[in-house]
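The data block below is target_16.txt; it holds compact mmCIF, C-alpha atoms and all ligand atoms.
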```txt
# COMPACT_ATOMS: atom_id res chain seq x y z
CA THR A 23 113.80 125.53 96.72
CA ASN A 24 116.27 122.69 96.62
CA ILE A 25 115.85 120.02 99.25
CA GLN A 26 119.22 119.50 100.92
CA PRO A 27 120.37 116.11 102.15
CA PRO A 28 120.91 115.82 105.88
CA GLU A 29 124.45 115.58 107.19
CA GLY A 30 126.12 112.60 105.56
CA PRO A 31 123.64 109.70 105.84
CA THR A 32 125.02 106.36 104.67
CA VAL A 33 123.45 104.90 101.56
CA LEU A 34 124.09 101.40 100.30
CA LEU A 35 124.19 100.89 96.53
CA THR A 36 123.63 97.38 95.21
CA GLY A 37 124.96 96.93 91.68
CA ALA A 38 127.25 99.85 92.48
CA THR A 39 129.97 99.11 89.93
CA GLY A 40 127.53 98.82 87.02
CA TYR A 41 126.79 101.51 84.47
CA ILE A 42 124.19 103.56 86.33
CA GLY A 43 125.43 102.68 89.82
CA SER A 44 128.96 103.94 89.19
CA HIS A 45 127.75 107.30 87.89
CA THR A 46 125.22 107.68 90.69
CA TRP A 47 127.96 106.89 93.22
CA LEU A 48 129.82 110.07 92.23
CA ALA A 49 126.66 112.22 92.22
CA LEU A 50 125.72 111.01 95.73
CA GLN A 51 129.19 111.75 97.10
CA ALA A 52 129.07 115.22 95.61
CA ALA A 53 125.71 115.75 97.33
CA GLY A 54 127.14 114.83 100.74
CA TYR A 55 126.07 111.21 101.13
CA ARG A 56 128.35 108.50 102.42
CA VAL A 57 128.27 105.72 99.87
CA VAL A 58 128.86 102.00 100.42
CA GLY A 59 128.94 99.97 97.21
CA VAL A 60 128.07 96.28 96.83
CA ASP A 61 128.47 94.22 93.66
CA ASN A 62 129.38 90.69 92.60
CA PHE A 63 130.87 91.80 89.25
CA SER A 64 128.48 89.55 87.32
CA ASN A 65 128.12 92.36 84.77
CA SER A 66 130.81 94.88 85.69
CA SER A 67 134.53 95.19 86.19
CA PRO A 68 136.45 95.76 89.46
CA LYS A 69 138.58 98.16 87.40
CA VAL A 70 135.90 100.81 87.86
CA LEU A 71 136.82 101.06 91.57
CA PRO A 72 140.21 102.82 91.33
CA ARG A 73 138.68 105.22 88.83
CA LEU A 74 135.80 106.05 91.18
CA ASP A 75 138.37 106.54 93.91
CA ARG A 76 140.18 109.07 91.76
CA LEU A 77 137.08 110.90 90.53
CA GLY A 78 135.19 110.95 93.81
CA THR A 79 135.29 113.28 96.79
CA GLN A 80 135.68 110.48 99.36
CA PRO A 81 137.60 107.20 99.43
CA ILE A 82 135.65 104.29 97.98
CA VAL A 83 133.94 101.93 100.44
CA PHE A 84 133.13 98.69 98.66
CA GLU A 85 132.10 95.13 99.55
CA GLN A 86 132.12 92.33 96.99
CA ALA A 87 128.97 90.32 97.67
CA ASP A 88 126.03 88.64 95.96
CA ILE A 89 122.74 90.27 96.94
CA CYS A 90 121.08 86.84 96.94
CA ASP A 91 123.46 85.74 99.72
CA ASP A 92 121.62 86.61 102.95
CA THR A 93 124.63 85.95 105.13
CA ALA A 94 126.84 88.25 103.08
CA MET A 95 124.20 91.01 103.05
CA GLU A 96 123.71 90.64 106.81
CA ARG A 97 127.44 91.16 107.30
CA VAL A 98 127.42 94.27 105.08
CA PHE A 99 124.52 95.76 107.02
CA GLN A 100 126.10 95.01 110.39
CA GLN A 101 129.30 96.64 109.33
CA HIS A 102 127.96 99.75 107.58
CA ARG A 103 124.47 100.41 109.07
CA PRO A 104 123.00 102.14 106.00
CA GLN A 105 120.02 104.48 106.42
CA ALA A 106 118.88 104.01 102.82
CA LEU A 107 119.47 101.67 99.92
CA ILE A 108 119.47 102.12 96.16
CA HIS A 109 118.85 98.84 94.42
CA PHE A 110 120.54 98.77 91.00
CA ALA A 111 121.61 95.11 91.06
CA ALA A 112 119.70 93.09 88.47
CA PHE A 113 120.08 91.37 85.13
CA LYS A 114 118.85 93.64 82.34
CA ALA A 115 119.04 92.00 78.90
CA VAL A 116 115.54 91.66 77.48
CA GLY A 117 116.39 88.97 74.91
CA GLU A 118 118.35 86.87 77.40
CA SER A 119 115.45 87.06 79.86
CA THR A 120 113.20 85.13 77.46
CA GLU A 121 115.88 82.42 77.13
CA LYS A 122 116.78 82.20 80.83
CA PRO A 123 113.66 83.34 82.68
CA LEU A 124 114.58 81.49 85.88
CA ASP A 125 117.94 83.27 86.10
CA TYR A 126 116.07 86.56 85.83
CA TYR A 127 113.46 85.68 88.44
CA ALA A 128 116.12 84.29 90.80
CA ASN A 129 118.38 87.34 90.55
CA ASN A 130 115.91 90.17 90.08
CA ILE A 131 113.09 88.92 92.32
CA GLY A 132 115.08 86.67 94.67
CA GLY A 133 117.71 89.40 95.05
CA LEU A 134 115.10 92.06 95.77
CA VAL A 135 113.41 89.89 98.43
CA SER A 136 116.74 89.10 100.06
CA VAL A 137 117.77 92.77 100.18
CA CYS A 138 114.41 93.87 101.59
CA ARG A 139 114.48 91.16 104.26
CA THR A 140 117.89 92.34 105.40
CA MET A 141 116.65 95.93 105.46
CA GLN A 142 113.65 94.92 107.58
CA ARG A 143 115.86 93.14 110.10
CA HIS A 144 117.90 96.32 110.45
CA GLY A 145 115.05 98.83 110.46
CA CYS A 146 116.35 100.43 107.26
CA LYS A 147 113.23 101.77 105.52
CA ARG A 148 114.24 103.97 102.60
CA PHE A 149 114.40 102.11 99.33
CA VAL A 150 115.11 103.44 95.83
CA PHE A 151 114.23 100.99 93.07
CA SER A 152 115.65 100.93 89.53
CA SER A 153 112.44 100.48 87.59
CA SER A 154 112.09 101.01 83.88
CA ALA A 155 109.89 102.46 81.18
CA THR A 156 109.52 98.82 80.17
CA VAL A 157 106.68 98.61 82.76
CA TYR A 158 104.51 100.62 80.34
CA GLY A 159 104.62 97.80 77.76
CA VAL A 160 103.09 99.14 74.56
CA PRO A 161 102.26 102.74 75.55
CA ASP A 162 98.62 103.69 74.96
CA LYS A 163 99.41 107.41 74.79
CA LEU A 164 102.43 109.70 74.52
CA PRO A 165 104.07 111.26 76.42
CA ILE A 166 103.76 108.55 79.09
CA THR A 167 102.48 109.61 82.51
CA GLU A 168 103.00 107.54 85.67
CA ASN A 169 99.33 106.56 85.85
CA ALA A 170 99.41 104.94 82.38
CA HIS A 171 98.40 101.30 82.03
CA LEU A 172 101.19 98.91 83.11
CA SER A 173 102.11 95.69 81.35
CA ALA A 174 105.12 93.61 80.42
CA THR A 175 105.99 91.68 77.29
CA ASN A 176 109.02 89.70 78.51
CA PRO A 177 110.41 88.16 81.73
CA TYR A 178 112.77 91.11 82.34
CA GLY A 179 109.84 93.52 82.20
CA ARG A 180 107.84 91.26 84.50
CA THR A 181 110.63 91.34 87.10
CA LYS A 182 110.37 95.16 87.16
CA LEU A 183 106.58 95.11 87.33
CA MET A 184 106.61 92.48 90.11
CA GLY A 185 109.39 94.39 91.87
CA GLU A 186 107.20 97.48 92.05
CA GLN A 187 104.29 95.39 93.38
CA ILE A 188 106.43 93.64 96.00
CA LEU A 189 107.61 97.03 97.25
CA LYS A 190 104.00 98.25 97.52
CA ASP A 191 103.14 95.19 99.61
CA ILE A 192 106.10 95.81 101.92
CA GLU A 193 105.07 99.43 102.29
CA ALA A 194 101.51 98.43 103.21
CA SER A 195 102.75 96.01 105.88
CA ASN A 196 105.62 98.03 107.32
CA PRO A 197 104.88 101.44 108.85
CA GLY A 198 107.47 104.00 107.89
CA TRP A 199 108.75 102.08 104.87
CA GLN A 200 109.24 104.41 101.89
CA THR A 201 109.95 103.46 98.31
CA ALA A 202 111.02 105.62 95.39
CA CYS A 203 110.26 103.74 92.17
CA LEU A 204 112.28 105.39 89.45
CA ARG A 205 111.18 104.47 85.95
CA TYR A 206 114.21 105.14 83.78
CA PHE A 207 113.77 105.79 80.09
CA ASN A 208 116.92 105.18 77.95
CA PRO A 209 120.11 106.00 79.90
CA VAL A 210 123.09 106.85 77.68
CA GLY A 211 126.29 108.91 77.77
CA ALA A 212 129.06 108.85 80.34
CA HIS A 213 130.74 110.87 83.07
CA GLU A 214 132.31 114.02 81.65
CA SER A 215 135.82 112.84 82.56
CA GLY A 216 135.60 109.99 80.05
CA ASP A 217 137.02 107.69 82.75
CA ILE A 218 133.85 105.72 83.48
CA GLY A 219 131.05 104.73 81.13
CA GLU A 220 128.97 101.88 79.79
CA ASP A 221 131.00 98.76 78.99
CA PRO A 222 128.64 96.02 77.81
CA ARG A 223 129.89 92.44 77.63
CA GLY A 224 129.71 90.84 74.19
CA ILE A 225 127.52 92.33 71.49
CA PRO A 226 125.73 95.44 72.79
CA ASN A 227 121.95 95.06 72.99
CA ASN A 228 121.30 98.78 73.15
CA LEU A 229 121.59 101.41 70.48
CA MET A 230 124.12 103.92 71.77
CA PRO A 231 126.82 101.48 72.92
CA TYR A 232 126.47 99.71 69.58
CA VAL A 233 126.84 103.00 67.68
CA ALA A 234 129.86 103.85 69.86
CA GLN A 235 131.54 100.54 68.95
CA VAL A 236 130.89 101.16 65.25
CA ALA A 237 132.38 104.65 65.57
CA ILE A 238 135.55 103.29 67.21
CA GLY A 239 135.86 100.51 64.63
CA ARG A 240 135.08 97.50 66.83
CA ARG A 241 132.05 96.67 64.63
CA PRO A 242 131.65 97.30 60.89
CA PHE A 243 128.13 98.73 60.79
CA LEU A 244 124.94 99.32 62.73
CA GLN A 245 121.77 97.39 62.01
CA ILE A 246 118.74 99.64 62.26
CA PHE A 247 115.75 97.58 63.33
CA GLY A 248 113.04 98.80 60.96
CA ASP A 249 112.37 102.05 59.10
CA ASP A 250 108.65 101.49 58.58
CA TYR A 251 107.36 102.62 61.98
CA ASN A 252 104.74 105.31 62.26
CA THR A 253 107.31 107.99 63.19
CA PRO A 254 108.60 111.01 61.21
CA ASP A 255 111.54 109.13 59.63
CA GLY A 256 110.19 105.60 60.14
CA THR A 257 112.78 104.53 62.74
CA GLY A 258 111.99 103.94 66.42
CA MET A 259 111.87 106.91 68.80
CA ARG A 260 113.08 106.83 72.41
CA ASP A 261 113.63 109.19 75.31
CA TYR A 262 117.43 109.12 75.75
CA ILE A 263 118.58 110.54 79.07
CA HIS A 264 122.15 111.45 80.01
CA VAL A 265 123.36 109.09 82.74
CA MET A 266 124.55 112.05 84.87
CA ASP A 267 121.07 113.60 84.70
CA LEU A 268 119.75 110.20 85.76
CA ALA A 269 122.29 110.10 88.59
CA GLU A 270 121.05 113.49 89.81
CA GLY A 271 117.53 112.08 89.71
CA HIS A 272 118.64 109.50 92.30
CA VAL A 273 120.08 112.23 94.51
CA ALA A 274 116.77 114.11 94.29
CA ALA A 275 114.78 110.94 95.07
CA LEU A 276 116.95 110.14 98.08
CA ASN A 277 116.68 113.72 99.36
CA TYR A 278 112.91 113.32 99.01
CA LEU A 279 112.88 110.13 101.09
CA PHE A 280 114.92 111.81 103.82
CA ASN A 281 112.73 114.93 103.88
CA GLN A 282 109.19 113.62 103.24
CA SER A 283 107.27 110.76 104.74
CA GLU A 284 105.76 109.59 101.44
CA SER A 285 106.63 107.08 98.77
CA LEU A 286 107.04 108.04 95.16
CA THR A 287 106.82 106.67 91.61
CA VAL A 288 108.35 108.85 88.90
CA ASN A 289 109.47 108.79 85.32
CA LEU A 290 113.07 109.83 84.79
CA GLY A 291 113.30 111.01 81.20
CA THR A 292 113.75 114.20 79.23
CA GLY A 293 110.24 114.31 77.77
CA ARG A 294 111.36 114.18 74.17
CA GLY A 295 112.00 111.40 71.73
CA TYR A 296 114.78 111.01 69.18
CA SER A 297 114.76 108.56 66.30
CA VAL A 298 117.50 106.01 65.60
CA LEU A 299 118.60 108.08 62.60
CA GLU A 300 118.79 111.24 64.71
CA VAL A 301 121.00 109.40 67.22
CA VAL A 302 123.27 108.19 64.40
CA GLN A 303 123.57 111.73 62.99
CA ALA A 304 124.26 113.25 66.42
CA TYR A 305 126.93 110.60 67.09
CA GLU A 306 128.58 111.24 63.74
CA ALA A 307 128.72 114.95 64.56
CA ALA A 308 130.12 114.38 68.07
CA SER A 309 132.71 111.79 67.01
CA GLN A 310 133.57 113.15 63.58
CA ARG A 311 133.34 109.52 62.40
CA ASN A 312 131.17 107.93 59.79
CA ILE A 313 128.62 105.41 61.16
CA PRO A 314 127.65 103.00 58.37
CA TYR A 315 124.27 101.33 58.82
CA GLN A 316 121.94 98.87 57.20
CA ILE A 317 118.16 98.83 57.59
CA VAL A 318 117.01 95.38 58.71
CA LYS A 319 113.68 94.02 59.89
CA ARG A 320 112.04 95.15 63.11
CA ARG A 321 113.26 93.66 66.39
CA PRO A 322 110.46 91.61 67.97
CA GLY A 323 108.90 93.37 70.97
CA ASP A 324 109.99 96.89 69.98
CA VAL A 325 107.49 99.74 70.07
CA ALA A 326 107.44 102.64 67.57
CA ALA A 327 107.89 105.42 70.10
CA CYS A 328 108.35 105.80 73.84
CA TYR A 329 108.97 109.01 75.76
CA ALA A 330 108.22 110.31 79.22
CA ASP A 331 106.03 112.99 80.63
CA PRO A 332 108.67 114.30 83.07
CA PHE A 333 106.33 116.75 84.84
CA HIS A 334 105.67 114.65 87.95
CA ALA A 335 109.43 114.40 88.63
CA LYS A 336 109.79 118.15 88.13
CA ARG A 337 106.95 118.89 90.55
CA THR A 338 107.77 116.40 93.31
CA LEU A 339 111.58 116.31 93.12
CA ASN A 340 112.33 119.70 91.59
CA TRP A 341 114.47 117.69 89.17
CA SER A 342 114.71 117.96 85.42
CA THR A 343 117.32 117.07 82.84
CA GLN A 344 120.12 119.43 81.78
CA PHE A 345 121.85 117.64 78.93
CA ASP A 346 120.82 117.30 75.28
CA LEU A 347 121.48 114.57 72.73
CA HIS A 348 124.66 116.25 71.52
CA LYS A 349 126.15 116.19 75.04
CA MET A 350 125.07 112.55 75.47
CA CYS A 351 126.94 111.59 72.28
CA GLU A 352 129.94 113.78 73.07
CA ASP A 353 130.39 112.22 76.53
CA SER A 354 129.77 108.69 75.24
CA TRP A 355 132.40 109.28 72.59
CA ARG A 356 134.95 110.69 75.07
CA TRP A 357 134.57 107.49 77.13
CA GLN A 358 134.62 105.20 74.08
CA SER A 359 137.57 106.86 72.33
CA ARG A 360 139.71 106.96 75.48
CA ASN A 361 138.80 103.40 76.40
CA PRO A 362 138.32 101.54 73.12
CA GLN A 363 138.07 98.17 74.94
CA GLY A 364 136.10 99.53 77.90
CA PHE A 365 137.62 98.77 81.32
CA GLU A 366 139.71 95.84 80.04
P1 LIG A 401 124.54 97.03 84.90
O1 LIG A 401 124.44 95.60 84.51
O2 LIG A 401 125.63 97.84 84.33
O3 LIG A 401 124.61 97.14 86.49
C1 LIG A 401 124.00 96.21 87.34
C2 LIG A 401 125.06 95.77 88.34
O4 LIG A 401 124.49 94.83 89.24
C3 LIG A 401 126.27 95.08 87.69
O5 LIG A 401 127.45 95.70 88.13
C4 LIG A 401 126.18 93.64 88.18
O6 LIG A 401 127.46 93.06 88.35
C5 LIG A 401 125.43 93.82 89.49
N1 LIG A 401 124.69 92.63 89.93
C6 LIG A 401 123.80 91.90 89.22
N2 LIG A 401 123.35 90.88 89.96
C7 LIG A 401 123.97 90.97 91.17
C8 LIG A 401 123.92 90.21 92.36
N3 LIG A 401 123.16 89.11 92.47
N4 LIG A 401 124.67 90.61 93.42
C9 LIG A 401 125.45 91.70 93.33
N5 LIG A 401 125.54 92.46 92.23
C10 LIG A 401 124.81 92.09 91.16
O7 LIG A 401 123.12 97.69 84.57
P2 LIG A 401 122.70 99.23 84.63
O8 LIG A 401 122.45 99.68 83.25
O9 LIG A 401 123.60 99.99 85.51
O10 LIG A 401 121.28 99.07 85.32
C11 LIG A 401 121.09 99.27 86.71
C12 LIG A 401 119.62 99.00 87.05
O11 LIG A 401 118.80 99.87 86.28
C13 LIG A 401 119.15 97.58 86.74
O12 LIG A 401 118.25 97.20 87.76
C14 LIG A 401 118.42 97.73 85.43
O13 LIG A 401 117.43 96.75 85.27
C15 LIG A 401 117.81 99.12 85.60
N6 LIG A 401 117.51 99.79 84.31
C16 LIG A 401 118.51 99.94 83.39
C17 LIG A 401 118.24 100.56 82.18
C18 LIG A 401 119.30 100.70 81.12
O14 LIG A 401 118.93 100.87 79.95
N7 LIG A 401 120.58 100.66 81.44
C19 LIG A 401 116.94 101.06 81.93
C20 LIG A 401 115.97 100.90 82.91
C21 LIG A 401 116.27 100.26 84.10
C1 LIG A 402 116.56 101.89 71.09
C2 LIG A 402 116.12 102.01 69.64
C3 LIG A 402 115.72 99.89 68.57
C4 LIG A 402 119.91 98.55 68.74
C5 LIG A 402 115.80 98.71 76.20
C6 LIG A 402 114.96 97.84 77.08
C7 LIG A 402 114.33 98.67 78.17
C8 LIG A 402 115.38 99.49 78.91
C9 LIG A 402 116.28 100.23 78.00
C10 LIG A 402 116.08 98.33 80.88
C11 LIG A 402 114.99 101.05 69.26
C12 LIG A 402 116.89 100.62 67.92
C13 LIG A 402 118.74 99.28 68.87
C14 LIG A 402 120.43 98.31 67.43
C15 LIG A 402 118.61 99.57 66.50
N1 LIG A 402 116.26 98.65 79.68
N2 LIG A 402 118.10 99.79 67.76
N3 LIG A 402 119.77 98.84 66.35
O1 LIG A 402 114.64 98.85 73.29
O2 LIG A 402 114.14 101.25 73.92
O3 LIG A 402 114.96 99.71 75.63
O4 LIG A 402 116.79 99.36 76.98
O5 LIG A 402 115.11 98.51 81.58
O6 LIG A 402 113.67 97.79 79.01
O7 LIG A 402 113.95 97.23 76.30
O8 LIG A 402 116.52 100.47 73.88
O9 LIG A 402 118.76 100.91 72.99
O10 LIG A 402 117.76 98.61 72.70
O11 LIG A 402 116.84 100.52 71.38
O12 LIG A 402 118.04 100.01 65.50
O13 LIG A 402 121.45 97.63 67.26
O14 LIG A 402 117.22 101.66 68.79
O15 LIG A 402 114.94 99.24 67.61
O16 LIG A 402 114.17 101.73 68.33
P1 LIG A 402 114.97 100.03 74.08
P2 LIG A 402 117.57 100.07 72.76
```

File written out as structure tokens:
Amino acid sequence: TNIQPPEGPTVLLTGATGYIGSHTWLALQAAGYRVVGVDNFSNSSPKVLPRLDRLGTQPIVFEQADICDDTAMERVFQQHRPQALIHFAAFKAVGESTEKPLDYYANNIGGLVSVCRTMQRHGCKRFVFSSSATVYGVPDKLPITENAHLSATNPYGRTKLMGEQILKDIEASNPGWQTACLRYFNPVGAHESGDIGEDPRGIPNNLMPYVAQVAIGRRPFLQIFGDDYNTPDGTGMRDYIHVMDLAEGHVAALNYLFNQSESLTVNLGTGRGYSVLEVVQAYEAASQRNIPYQIVKRRPGDVAACYADPFHAKRTLNWSTQFDLHKMCEDSWRWQSRNPQGFE
């Protein structure tokens, strides 16, 4: 049985105009939630807003604010009175986090604390947290279950690990507080319309946006970070998940928080891994473009393989993924080819 959301509760999305936030916005509207978006555009474009307005089922309600600004967040809460919050806002570049750790702690930890304080003042007790498979560090066994050993190898990962711990402490001290910690694997793809998608600033850190920019001709070739891993073709394997499947995972998690009195920690992944070469081949097929590549040395900190055991999410949320790698590449390509320079 599908858990239905109650009649139009208001949910606040921090980081709402970012990659995952913007897609989740549309999924929540379609499920009957009233959405209020907050973002400071530190890693996104205001140009996503008119597109969301066009694609969505309700007019966009948006406040430009920094989550670290208590006064601004207080004003947003007073005005919109949300009954739940999904916390996407954070910095997310692993490499940058080792160069600017304080920026990452200030934004990801300081921002989380500020948002939770505001929620506490307003008696808002349903919190969905964007966690990451990065909290598993070097996985000790595959597929990865939620009770696997947790560790972090960089400041970004530590902000996610600490974030989860902070939320557990709040829960223990605040009766009725509920957290859904969603550990995303590798989100890729775009909304089917091709009107919103991932638009990284500068050189993409992640595989699929890089491949997309090679396919469209913005970059000459892909560098594949190592082909000597202990995997079938030697390249790294990851659990790529379509961003709309991920968005539906947030709807399911929010429905859970409104219908159960428990907290929750779940993997959001497909349960299967694809290698870098398989992604390149699938993207070539979807785009009908050639993707030149060069094998280079391993990227420090990378693991050979990482994929989820998605069973706990299936059992608790009645959620599982619908879209395969071909659809992920097809939708990424529709976005990339219609918007060669992203939102700009
Ligand atoms: P994103 O950068 O596209 O979106 C984050 C949004 O938060 C951006 O729009 C940015 O402008 C906003 N933001 C950042 N700091 C802010 C602040 N202080 N005040 C207001 N807004 C602020 O990233 P995304 O890929 O959509 O990721 C969303 C969340 O999911 C992040 O917490 C990220 O760590 C987590 N996550 C992402 C991935 C991934 O591969 N994309 C994987 C696992 C977890
Ligand atoms: C995937 C595969 C690379 C780029 C990162 C973060 C993780 C999470 C998701 C937020 C690997 C290879 C990549 C390139 C390549 N983010 N690759 N050439 O590293 O699994 O996860 O994003 O929480 O925390 O670490 O994703 O897309 O960077 O890499 O060969 O130019 O592609 O070596 O095998 P990753 P990715």

Within 9 Å of ligand LIG 401 (chain A), counting only C-alpha atoms and all ligand atoms: which residues, as an mmCIF file with C-alpha atoms, keeping the file's coordinate frame?
```cif
data_model
loop_
_atom_site.group_PDB
_atom_site.id
_atom_site.type_symbol
_atom_site.label_atom_id
_atom_site.label_comp_id
_atom_site.auth_asym_id
_atom_site.auth_seq_id
_atom_site.Cartn_x
_atom_site.Cartn_y
_atom_site.Cartn_z
ATOM 1 C CA THR A 36 123.630 97.380 95.210
ATOM 2 C CA GLY A 37 124.960 96.930 91.680
ATOM 3 C CA ALA A 38 127.250 99.850 92.480
ATOM 4 C CA THR A 39 129.970 99.110 89.930
ATOM 5 C CA GLY A 40 127.530 98.820 87.020
ATOM 6 C CA TYR A 41 126.790 101.510 84.470
ATOM 7 C CA ILE A 42 124.190 103.560 86.330
ATOM 8 C CA GLY A 43 125.430 102.680 89.820
ATOM 9 C CA SER A 44 128.960 103.940 89.190
ATOM 10 C CA HIS A 45 127.750 107.300 87.890
ATOM 11 C CA VAL A 60 128.070 96.280 96.830
ATOM 12 C CA ASP A 61 128.470 94.220 93.660
ATOM 13 C CA ASN A 62 129.380 90.690 92.600
ATOM 14 C CA PHE A 63 130.870 91.800 89.250
ATOM 15 C CA SER A 64 128.480 89.550 87.320
ATOM 16 C CA ASN A 65 128.120 92.360 84.770
ATOM 17 C CA SER A 66 130.810 94.880 85.690
ATOM 18 C CA SER A 67 134.530 95.190 86.190
ATOM 19 C CA GLN A 86 132.120 92.330 96.990
ATOM 20 C CA ALA A 87 128.970 90.320 97.670
ATOM 21 C CA ASP A 88 126.030 88.640 95.960
ATOM 22 C CA ILE A 89 122.740 90.270 96.940
ATOM 23 C CA CYS A 90 121.080 86.840 96.940
ATOM 24 C CA ASP A 91 123.460 85.740 99.720
ATOM 25 C CA HIS A 109 118.850 98.840 94.420
ATOM 26 C CA PHE A 110 120.540 98.770 91.000
ATOM 27 C CA ALA A 111 121.610 95.110 91.060
ATOM 28 C CA ALA A 112 119.700 93.090 88.470
ATOM 29 C CA PHE A 113 120.080 91.370 85.130
ATOM 30 C CA LYS A 114 118.850 93.640 82.340
ATOM 31 C CA ALA A 115 119.040 92.000 78.900
ATOM 32 C CA ALA A 128 116.120 84.290 90.800
ATOM 33 C CA ASN A 129 118.380 87.340 90.550
ATOM 34 C CA ASN A 130 115.910 90.170 90.080
ATOM 35 C CA GLY A 132 115.080 86.670 94.670
ATOM 36 C CA GLY A 133 117.710 89.400 95.050
ATOM 37 C CA PHE A 151 114.230 100.990 93.070
ATOM 38 C CA SER A 152 115.650 100.930 89.530
ATOM 39 C CA SER A 153 112.440 100.480 87.590
ATOM 40 C CA SER A 154 112.090 101.010 83.880
ATOM 41 C CA ALA A 155 109.890 102.460 81.180
ATOM 42 C CA THR A 156 109.520 98.820 80.170
ATOM 43 C CA TYR A 178 112.770 91.110 82.340
ATOM 44 C CA GLY A 179 109.840 93.520 82.200
ATOM 45 C CA THR A 181 110.630 91.340 87.100
ATOM 46 C CA LYS A 182 110.370 95.160 87.160
ATOM 47 C CA LEU A 204 112.280 105.390 89.450
ATOM 48 C CA ARG A 205 111.180 104.470 85.950
ATOM 49 C CA TYR A 206 114.210 105.140 83.780
ATOM 50 C CA PHE A 207 113.770 105.790 80.090
ATOM 51 C CA ASN A 208 116.920 105.180 77.950
ATOM 52 C CA PRO A 209 120.110 106.000 79.900
ATOM 53 C CA VAL A 210 123.090 106.850 77.680
ATOM 54 C CA GLU A 220 128.970 101.880 79.790
ATOM 55 C CA ASP A 221 131.000 98.760 78.990
ATOM 56 C CA PRO A 222 128.640 96.020 77.810
ATOM 57 C CA ASN A 228 121.300 98.780 73.150
ATOM 58 C CA VAL A 265 123.360 109.090 82.740
#
```

For this session: Go through the chains and note each residue within 6 Å of ligand LIG 402 (chain A), using all atoms listed in the file, then give the set as a PyMOL selection string.
Result: chain A and resi 114+116+154+156+208+227-229+232+244-247+258-260+298+321+324

Exercise. Using all atoms listed in the file, which residue out of A:Asn289, A:Ser136, A:Thr79, A:Gln363 lies closest to Ala170 of chain A?
Worked result: A:Asn289

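Comparing the minimum interatomic distances between Gln142 of chain A and each of A:Tyr315, A:Trp47, A:Pro197, A:Gly78, counting only C-alpha atoms, we find that A:Pro197 sits nearest.
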
Exercise. Of the candidates A:Ala194, A:Ala330, A:Ile225, A:Leu77, which shows the shortest atom-to-atom distance to Asp261 of chain A, using only C-alpha atoms?
Worked result: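 Going through A:Ala194, A:Ala330, A:Ile225, A:Leu77 one by one, the smallest distance to Asp261 of chain A is for A:Ala330.
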
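Distances to Glu366 of chain A were evaluated for A:Arg223, A:Arg241, A:Lys147, A:Arg139 using only C-alpha atoms, and the minimum falls at A:Arg223.
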
Seminar exercise, completed: note - atom CA of Gly145 of chain A and atom CA of Leu189 of chain A are separated by 15.3 Å

Exercise. Between A:Glu96, A:Asp125, A:Glu214, A:Asp162, which has the minimum distance to Arg356 of chain A (counting all atoms listed in the file)?
Worked result: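 Counting all atoms listed in the file, the residue closest to Arg356 of chain A is A:Glu214.
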
Would you fill out segment 330-337 of chain A with N, CA, C and O atoms and return it as a PDB file, in the frame of the given file?
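Below you can see out30.pdb, which holds the result:
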```pdb
ATOM      1  N   ALA A 330     108.820 110.027  77.912  1.00  0.00           N
ATOM      2  CA  ALA A 330     108.220 110.310  79.220  1.00  0.00           C
ATOM      3  C   ALA A 330     107.479 111.625  79.242  1.00  0.00           C
ATOM      4  O   ALA A 330     107.840 112.577  78.551  1.00  0.00           O
ATOM      5  N   ASP A 331     106.476 111.702  80.101  1.00  0.00           N
ATOM      6  CA  ASP A 331     106.030 112.990  80.630  1.00  0.00           C
ATOM      7  C   ASP A 331     106.842 113.199  81.908  1.00  0.00           C
ATOM      8  O   ASP A 331     106.649 112.476  82.886  1.00  0.00           O
ATOM      9  N   PRO A 332     107.787 114.140  81.916  1.00  0.00           N
ATOM     10  CA  PRO A 332     108.670 114.300  83.070  1.00  0.00           C
ATOM     11  C   PRO A 332     108.131 115.262  84.125  1.00  0.00           C
ATOM     12  O   PRO A 332     108.830 115.608  85.075  1.00  0.00           O
ATOM     13  N   PHE A 333     106.856 115.687  83.988  1.00  0.00           N
ATOM     14  CA  PHE A 333     106.330 116.750  84.840  1.00  0.00           C
ATOM     15  C   PHE A 333     106.224 116.347  86.310  1.00  0.00           C
ATOM     16  O   PHE A 333     106.498 117.138  87.209  1.00  0.00           O
ATOM     17  N   HIS A 334     105.834 115.100  86.561  1.00  0.00           N
ATOM     18  CA  HIS A 334     105.670 114.650  87.950  1.00  0.00           C
ATOM     19  C   HIS A 334     107.016 114.709  88.698  1.00  0.00           C
ATOM     20  O   HIS A 334     107.070 115.096  89.873  1.00  0.00           O
ATOM     21  N   ALA A 335     108.094 114.337  88.009  1.00  0.00           N
ATOM     22  CA  ALA A 335     109.430 114.400  88.630  1.00  0.00           C
ATOM     23  C   ALA A 335     109.816 115.854  88.889  1.00  0.00           C
ATOM     24  O   ALA A 335     110.395 116.189  89.932  1.00  0.00           O
ATOM     25  N   LYS A 336     109.477 116.720  87.963  1.00  0.00           N
ATOM     26  CA  LYS A 336     109.790 118.150  88.130  1.00  0.00           C
ATOM     27  C   LYS A 336     109.062 118.691  89.357  1.00  0.00           C
ATOM     28  O   LYS A 336     109.648 119.385  90.198  1.00  0.00           O
ATOM     29  N   ARG A 337     107.776 118.338  89.473  1.00  0.00           N
ATOM     30  CA  ARG A 337     106.950 118.890  90.550  1.00  0.00           C
ATOM     31  C   ARG A 337     107.348 118.313  91.911  1.00  0.00           C
ATOM     32  O   ARG A 337     107.490 119.035  92.887  1.00  0.00           O
TER      33      ARG A 337
END
```
